[in-house]
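Enquirer: Take a look at the following structure, please.
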Amino acid sequence: GSHGNDNLESSVKIPTIKFTKLFVNGEFVDSISDKEDVDLAVNAARHAFDDGPWPRMPGSERAKRMMKFADLIDQNVEELAALDTLDAGKLFSMGKAVDIPSSADTLRYYAGAADKIHGDVLKMSREFHAYTLHEPIGVVGHIIPWNFPTTLFFLKVSPALAAGCTMIVKPAEQTPLSALYYAHLAKLAGIPDGVLNVVTGFGPTAGAAICSHMDIDAVSFTGSTEVGRIVMKAAAESNLKVVSLELGGKSPLIIFDDADVDMAAQLALIGILYNKGEICVASSRVYVQEGIYDKLVKKLVEMAKAWVVGDPFDPKVQQGPQVDKEQFDKILTYIEHGKREGATLLTGGKPLALGGKGYYVEPTIFAEVKEDMLIAKDEIFGPVLALAKFKTIDEAIKRANSTRYGLAAGIVTKDLDVANTVSRSLRAGTIWINCYFAFGNDCPFGGYKMSGFGKDSGLEALHKYLQVKSVVTPLYNSPW
Ligand code: ADP
């Protein structure tokens, strides 16, 4: 890849960092220790749930405050986008145009649902009258990763707020700044003290304390499959809290012979390079049918070479640095595995030393990748694509499904029969036909297989934070 212009547009303002303490019970407070911080935050959330106004107020009142919260986000878009760029190396331009404003809309979507939560009336037998109540599940622990600090914060927090839950959010240790800012905005919007607590801290201490806490009713986790397993174990060994997990992926993109070459190459490229490949739904395996293979690969490699890597505050840059050294080293190790295992390196494969700082990795494409190679099996979480050629539809389905993951998949074809058949055959939670990364607040998102269970987005996510109570009463002539 080439690299960006060193002279940043003077319009980008690097913000002063305003909030660095923990947010517990409506106040910014100093940390004591990860475990004690979690205890204090859970106490506050427990009290706000058991005795506070939030779960008891009319849904329309919760909605009003959530709408105000969303407006406050819209009023601070640039500052918030800059915080995520500083923390994670994410493109400022994308944060400003997409992550931050779309998160305000996520709040609005669930605000709209807050006064439409209701159960059913049941007949049971003739002698009974029964109904169901959809009640907030209680105190929720949200544990989120560093790759989408804002988007994931609101995918978790918004439906839980609408449901009437109280919560404690633990952002990733790499990216705590925007979460603390959101806590401040929540208070300004009138979200009562104790409802939304933010505790920054490390995974094995603060995260673990949440998962094993006896006073937390549910934990909603996004992160690696490896940690997802630990989360579930801790939940099982403590109070059997409800768990939902959005974990890793190794999503296939299948390009058929009849695809438009330019469009397919564009999808394949964005599918792996968006957010520097640090995205759980990255199309990290691309299967190309033999008839279009040569043309497609030529185009894809050309585009990868023209991709602009550099300072994430520079509006011309398309790819910033990886989040930290650990991630950078992990990606480079996988690239070495790819070379050693016999995959063909078509482009990239090296770190980029831009001005001597930042963990930049070249857009990297391997061809002739086999399903048993590490670069085809493991989630790399970086700009590293594994390409393979296929002949028949059945072969494509079989190879696409030969993974322990099942988060998403893409199909590029003009043939409706092929698109429909393949969609049904792929074991993944989201299928994108002739598009990729098409998300929406009303579109449920979550994994199959070892990509986890439970949905973020859609009304499914609202129901994740509700539980159903059945209320039964006999009629006057009942034998009871
Ligand atoms: P990634 O590989 O994307 O960093 P992780 O699964 O390591 O994903 O981290 C996702 C989130 O899980 C982070 O907030 C991290 O602090 C937290 N975490 C890490 N280890 C644990 C643990 N043992 N228990 C609970 N949370 C953890």
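Chains: A, B, ... in order of the structure tokens. Residues: from 1 per chain. Ligands: from 1, in order shown.
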Kindly provide, as a PyMOL selection string, all nucleotide and amino acid residues lying within 6 Å of ligand 1, counting only C-alpha atoms and all ligand atoms.
Expert: chain A and resi 143-145+170-173+202-204+207-208+223-224+227+230-231
Enquirer: I'd like the neighbourhood of Ser283 (chain A) as a count of residues only, where a residue qualifies if any of its atoms comes within 7 Å (using only C-alpha atoms), though same-chain residues fewer than 6 positions away should be ignored.
Expert: 7
Enquirer: Go ahead and compute the interatomic distance for CA of Ala306 (chain A) and CA of Pro363 (chain A), in Å to one decimal.
Expert: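 CA of Pro363 (chain A) lies 9.7 Å from CA of Ala306 (chain A).
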Enquirer: If we count only C-alpha atoms, what is near region 131-135 of chain A at a cut-off of 7 Å, once residues fewer than 6 positions away on the same chain are taken out, given as an NGL selection string?
Expert: :A and (117-122 or 466-472)
Enquirer: Store the residues picked out above in a file with C-alpha atoms, as a compact mmCIF listing (two decimals), in the first residue's frame.
Expert:
# COMPACT_ATOMS: atom_id res chain seq x y z
CA ILE A 117 -43.17 -3.78 25.57
CA HIS A 118 -46.09 -6.05 26.40
CA GLY A 119 -47.02 -9.63 27.02
CA ASP A 120 -49.90 -11.86 25.90
CA VAL A 121 -53.26 -12.83 27.35
CA LEU A 122 -53.64 -16.62 27.60
CA LEU A 466 -36.46 -8.93 29.26
CA GLN A 467 -37.79 -12.00 30.99
CA VAL A 468 -41.27 -13.41 30.84
CA LYS A 469 -43.42 -13.92 33.89
CA SER A 470 -46.68 -15.87 33.67
CA VAL A 471 -49.51 -14.71 35.93
CA VAL A 472 -52.34 -17.21 36.37
Enquirer: Output as a Markdown table one row per residue of region 296-350 of chain A within 12 Å of region 382-402 of chain A: the closest atom pair and its distance in Å to one decimal place, counting only C-alpha atoms, sorted by chain and residue number ascending.
Expert:
| residue | atom | partner | partner_atom | distance |
| --- | --- | --- | --- | --- |
| A:Leu296 | CA | A:Leu387 | CA | 10.8 |
| A:Val297 | CA | A:Leu387 | CA | 8.7 |
| A:Leu300 | CA | A:Leu387 | CA | 10.6 |
| A:Val301 | CA | A:Leu385 | CA | 10.8 |
| A:Ala304 | CA | A:Pro383 | CA | 10.0 |
| A:Trp307 | CA | A:Pro383 | CA | 11.2 |
| A:Val309 | CA | A:Pro383 | CA | 11.0 |
| A:Gln318 | CA | A:Pro383 | CA | 11.9 |
| A:Gln319 | CA | A:Pro383 | CA | 9.2 |
| A:Gly320 | CA | A:Pro383 | CA | 10.8 |
| A:Pro321 | CA | A:Gly382 | CA | 10.1 |
| A:Gln322 | CA | A:Gly382 | CA | 7.5 |
| A:Val323 | CA | A:Gly382 | CA | 9.9 |
| A:Asp324 | CA | A:Gly382 | CA | 11.6 |
| A:Glu326 | CA | A:Gly382 | CA | 11.8 |
| A:Gln327 | CA | A:Gly382 | CA | 8.1 |
| A:Phe328 | CA | A:Gly382 | CA | 8.1 |
| A:Asp329 | CA | A:Gly382 | CA | 10.5 |
| A:Lys330 | CA | A:Gly382 | CA | 8.9 |
| A:Ile331 | CA | A:Gly382 | CA | 6.0 |
| A:Leu332 | CA | A:Gly382 | CA | 9.1 |
| A:Thr333 | CA | A:Gly382 | CA | 11.2 |
| A:Tyr334 | CA | A:Val384 | CA | 8.7 |
| A:Ile335 | CA | A:Val384 | CA | 7.6 |
| A:Glu336 | CA | A:Val384 | CA | 11.4 |
| A:His337 | CA | A:Val384 | CA | 11.8 |
| A:Gly338 | CA | A:Ala386 | CA | 9.0 |
| A:Lys339 | CA | A:Ala386 | CA | 11.7 |
| A:Ala343 | CA | A:Ala386 | CA | 8.6 |
| A:Thr344 | CA | A:Leu387 | CA | 9.3 |
| A:Leu345 | CA | A:Ala386 | CA | 9.5 |
| A:Leu346 | CA | A:Leu387 | CA | 9.8 |
| A:Thr347 | CA | A:Val384 | CA | 9.9 |
| A:Gly348 | CA | A:Val384 | CA | 8.7 |
| A:Gly349 | CA | A:Val384 | CA | 8.2 |
| A:Lys350 | CA | A:Val384 | CA | 10.7 |
Enquirer: Got a sec: who's within 9 Å of region 95-101 of chain A, counting only C-alpha atoms, leaving out chain neighbours fewer than 5 positions off, as a PyMOL selection string?
Expert: chain A and resi 70+73-74+77-82+84-85+90+106+148+150-151
Enquirer: Take the residues from that selection and put them in a file with C-alpha atoms, as a tab-separated table (two decimals), in the first residue's frame.
Expert:
chain	number	residue	atom	x	y	z
A	70	ALA	CA	-29.11	10.58	21.41
A	73	ILE	CA	-24.33	12.48	21.09
A	74	ASP	CA	-25.19	14.26	17.85
A	77	VAL	CA	-19.87	13.92	17.16
A	78	GLU	CA	-16.41	15.23	16.31
A	79	GLU	CA	-15.09	15.06	19.83
A	80	LEU	CA	-16.42	11.53	20.31
A	81	ALA	CA	-15.06	10.33	16.97
A	82	ALA	CA	-11.66	11.75	17.87
A	84	ASP	CA	-12.14	6.51	19.37
A	85	THR	CA	-9.44	7.45	16.84
A	90	LYS	CA	-9.90	4.01	13.85
A	106	THR	CA	-29.49	2.97	17.76
A	148	PHE	CA	-15.93	-0.64	17.83
A	150	THR	CA	-18.97	3.33	20.35
A	151	THR	CA	-21.07	1.04	18.17
Enquirer: I want to know what sits within 8 Å of Ala376 (chain A), based on only C-alpha atoms, with residues of the same chain fewer than 4 positions away left out; could you give that as an NGL selection string?
Expert: :A and (250 or 284-285 or 369-372 or 386)
Enquirer: May I ask which of the residues A:Ala461, A:Leu91, A:Cys211, A:Ile168 is the closest one to Pro312 (chain A), counting only C-alpha atoms?
Expert: A:Leu91
Enquirer: Of the candidates A:Arg126, A:Lys357, A:His213, A:His142, which shows the shortest atom-to-atom distance to Leu40 (chain A), using only C-alpha atoms?
Expert: A:His213
Enquirer: What lies within 12 Å of Asp50 (chain A) using only C-alpha atoms, ignoring chain neighbours under 3 positions off, as a list in words?
Expert: Val42, Asn43, Ala44, Ala45, Arg46, His47, Pro53, Trp54, Pro55, Arg56, Pro136, Ile137, Gly138, Val139, Gly164, Cys165, Thr166, Gly194, Val195 and Asp215 of chain A
Enquirer: For Val412 (chain A), find every residue with an atom within 7 Å (counting only C-alpha atoms), except residues of its own chain fewer than 2 positions away, and show them as a list in words.
Expert: Ile254, Ile255, Phe256, Ala259, Ala264, Gly410, Ile433 and Asn434 of chain A
Enquirer: Convert the current residue selection to file output with N, CA and C atoms, as an mmCIF file, in the first residue's frame.
Expert:
data_model
loop_
_atom_site.group_PDB
_atom_site.id
_atom_site.type_symbol
_atom_site.label_atom_id
_atom_site.label_comp_id
_atom_site.auth_asym_id
_atom_site.auth_seq_id
_atom_site.Cartn_x
_atom_site.Cartn_y
_atom_site.Cartn_z
ATOM 1 N N ILE A 254 -18.338 -15.625 -1.030
ATOM 2 C CA ILE A 254 -18.298 -16.534 -2.183
ATOM 3 C C ILE A 254 -18.651 -15.752 -3.446
ATOM 4 N N ILE A 255 -17.722 -15.729 -4.381
ATOM 5 C CA ILE A 255 -17.930 -14.964 -5.610
ATOM 6 C C ILE A 255 -18.132 -15.936 -6.779
ATOM 7 N N PHE A 256 -19.299 -15.861 -7.402
ATOM 8 C CA PHE A 256 -19.623 -16.787 -8.498
ATOM 9 C C PHE A 256 -19.238 -16.191 -9.858
ATOM 10 N N ALA A 259 -20.571 -12.896 -11.462
ATOM 11 C CA ALA A 259 -20.484 -11.632 -10.711
ATOM 12 C C ALA A 259 -19.834 -10.536 -11.547
ATOM 13 N N ALA A 264 -17.448 -7.142 -7.232
ATOM 14 C CA ALA A 264 -17.021 -8.248 -6.362
ATOM 15 C C ALA A 264 -15.657 -7.936 -5.727
ATOM 16 N N GLY A 410 -20.926 -13.869 2.812
ATOM 17 C CA GLY A 410 -21.354 -13.061 1.678
ATOM 18 C C GLY A 410 -21.424 -13.907 0.418
ATOM 19 N N ILE A 433 -26.055 -10.723 0.477
ATOM 20 C CA ILE A 433 -26.062 -11.038 -0.950
ATOM 21 C C ILE A 433 -25.781 -9.752 -1.719
ATOM 22 N N ASN A 434 -24.725 -9.746 -2.508
ATOM 23 C CA ASN A 434 -24.313 -8.579 -3.299
ATOM 24 C C ASN A 434 -24.130 -7.319 -2.456
#
Enquirer: One decimal, in Å: what's the spacing between CA of Phe92 (chain A) and CA of Val281 (chain A)?
Expert: 20.7 Å
Enquirer: Which is closer to Val140 (chain A) than all the others in A:Asp217, A:Glu460, A:Asp30, A:Asp415, using only C-alpha atoms?
Expert: A:Asp217
Enquirer: Here is a test: counting only C-alpha atoms, which residue of A:Gly26, A:Gly458, A:Gly228, A:Gly141 is nearest to Lys241 (chain A)?
Expert: A:Gly141
Enquirer: If you run DSSP over the backbone, which residues in region 271-400 of chain A end up alpha helix (DSSP H)? Put them as number ranges by chain.
Expert: A: 271-273, 290-306, 325-340, 374-377, 393-400
Enquirer: Filtering to C-alpha atoms, could you give me those residues as a CSV table (one decimal), in the first residue's frame?
Expert:
chain,number,residue,atom,x,y,z
A,271,GLY,CA,-14.7,-6.9,3.5
A,272,ILE,CA,-11.2,-7.5,4.8
A,273,LEU,CA,-9.7,-4.0,5.0
A,290,GLU,CA,-12.7,-20.7,-11.5
A,291,GLY,CA,-14.2,-18.8,-14.5
A,292,ILE,CA,-13.8,-15.4,-12.9
A,293,TYR,CA,-10.8,-16.2,-10.7
A,294,ASP,CA,-7.9,-14.7,-12.7
A,295,LYS,CA,-9.7,-11.4,-13.6
A,296,LEU,CA,-11.0,-11.0,-10.0
A,297,VAL,CA,-7.7,-11.6,-8.4
A,298,LYS,CA,-5.8,-9.3,-10.7
A,299,LYS,CA,-8.3,-6.5,-9.9
A,300,LEU,CA,-8.2,-7.2,-6.2
A,301,VAL,CA,-4.5,-7.1,-6.0
A,302,GLU,CA,-4.4,-3.8,-7.9
A,303,MET,CA,-6.9,-2.3,-5.5
A,304,ALA,CA,-5.0,-3.6,-2.4
A,305,LYS,CA,-1.8,-2.0,-3.7
A,306,ALA,CA,-3.5,1.4,-4.1
A,325,LYS,CA,1.5,-4.0,19.6
A,326,GLU,CA,0.0,-7.3,20.8
A,327,GLN,CA,-2.5,-7.3,17.9
A,328,PHE,CA,0.2,-6.1,15.4
A,329,ASP,CA,2.6,-8.9,16.5
A,330,LYS,CA,-0.2,-11.5,16.3
A,331,ILE,CA,-1.1,-10.5,12.7
A,332,LEU,CA,2.6,-10.6,11.6
A,333,THR,CA,2.9,-14.1,13.2
A,334,TYR,CA,-0.1,-15.3,11.2
A,335,ILE,CA,1.4,-13.9,8.0
A,336,GLU,CA,4.6,-15.9,8.7
A,337,HIS,CA,2.4,-19.0,9.3
A,338,GLY,CA,0.8,-18.4,5.9
A,339,LYS,CA,4.1,-18.3,4.1
A,340,ARG,CA,5.4,-21.3,5.9
A,374,LEU,CA,-4.0,-21.7,10.2
A,375,ILE,CA,-4.7,-18.5,8.2
A,376,ALA,CA,-7.9,-20.2,7.0
A,377,LYS,CA,-8.9,-21.5,10.4
A,393,ILE,CA,-21.8,-24.6,-5.9
A,394,ASP,CA,-21.7,-27.6,-3.6
A,395,GLU,CA,-18.0,-27.3,-3.2
A,396,ALA,CA,-18.3,-23.6,-2.3
A,397,ILE,CA,-20.9,-24.4,0.3
A,398,LYS,CA,-18.9,-27.2,1.9
A,399,ARG,CA,-15.7,-25.2,2.1
A,400,ALA,CA,-17.4,-22.1,3.3
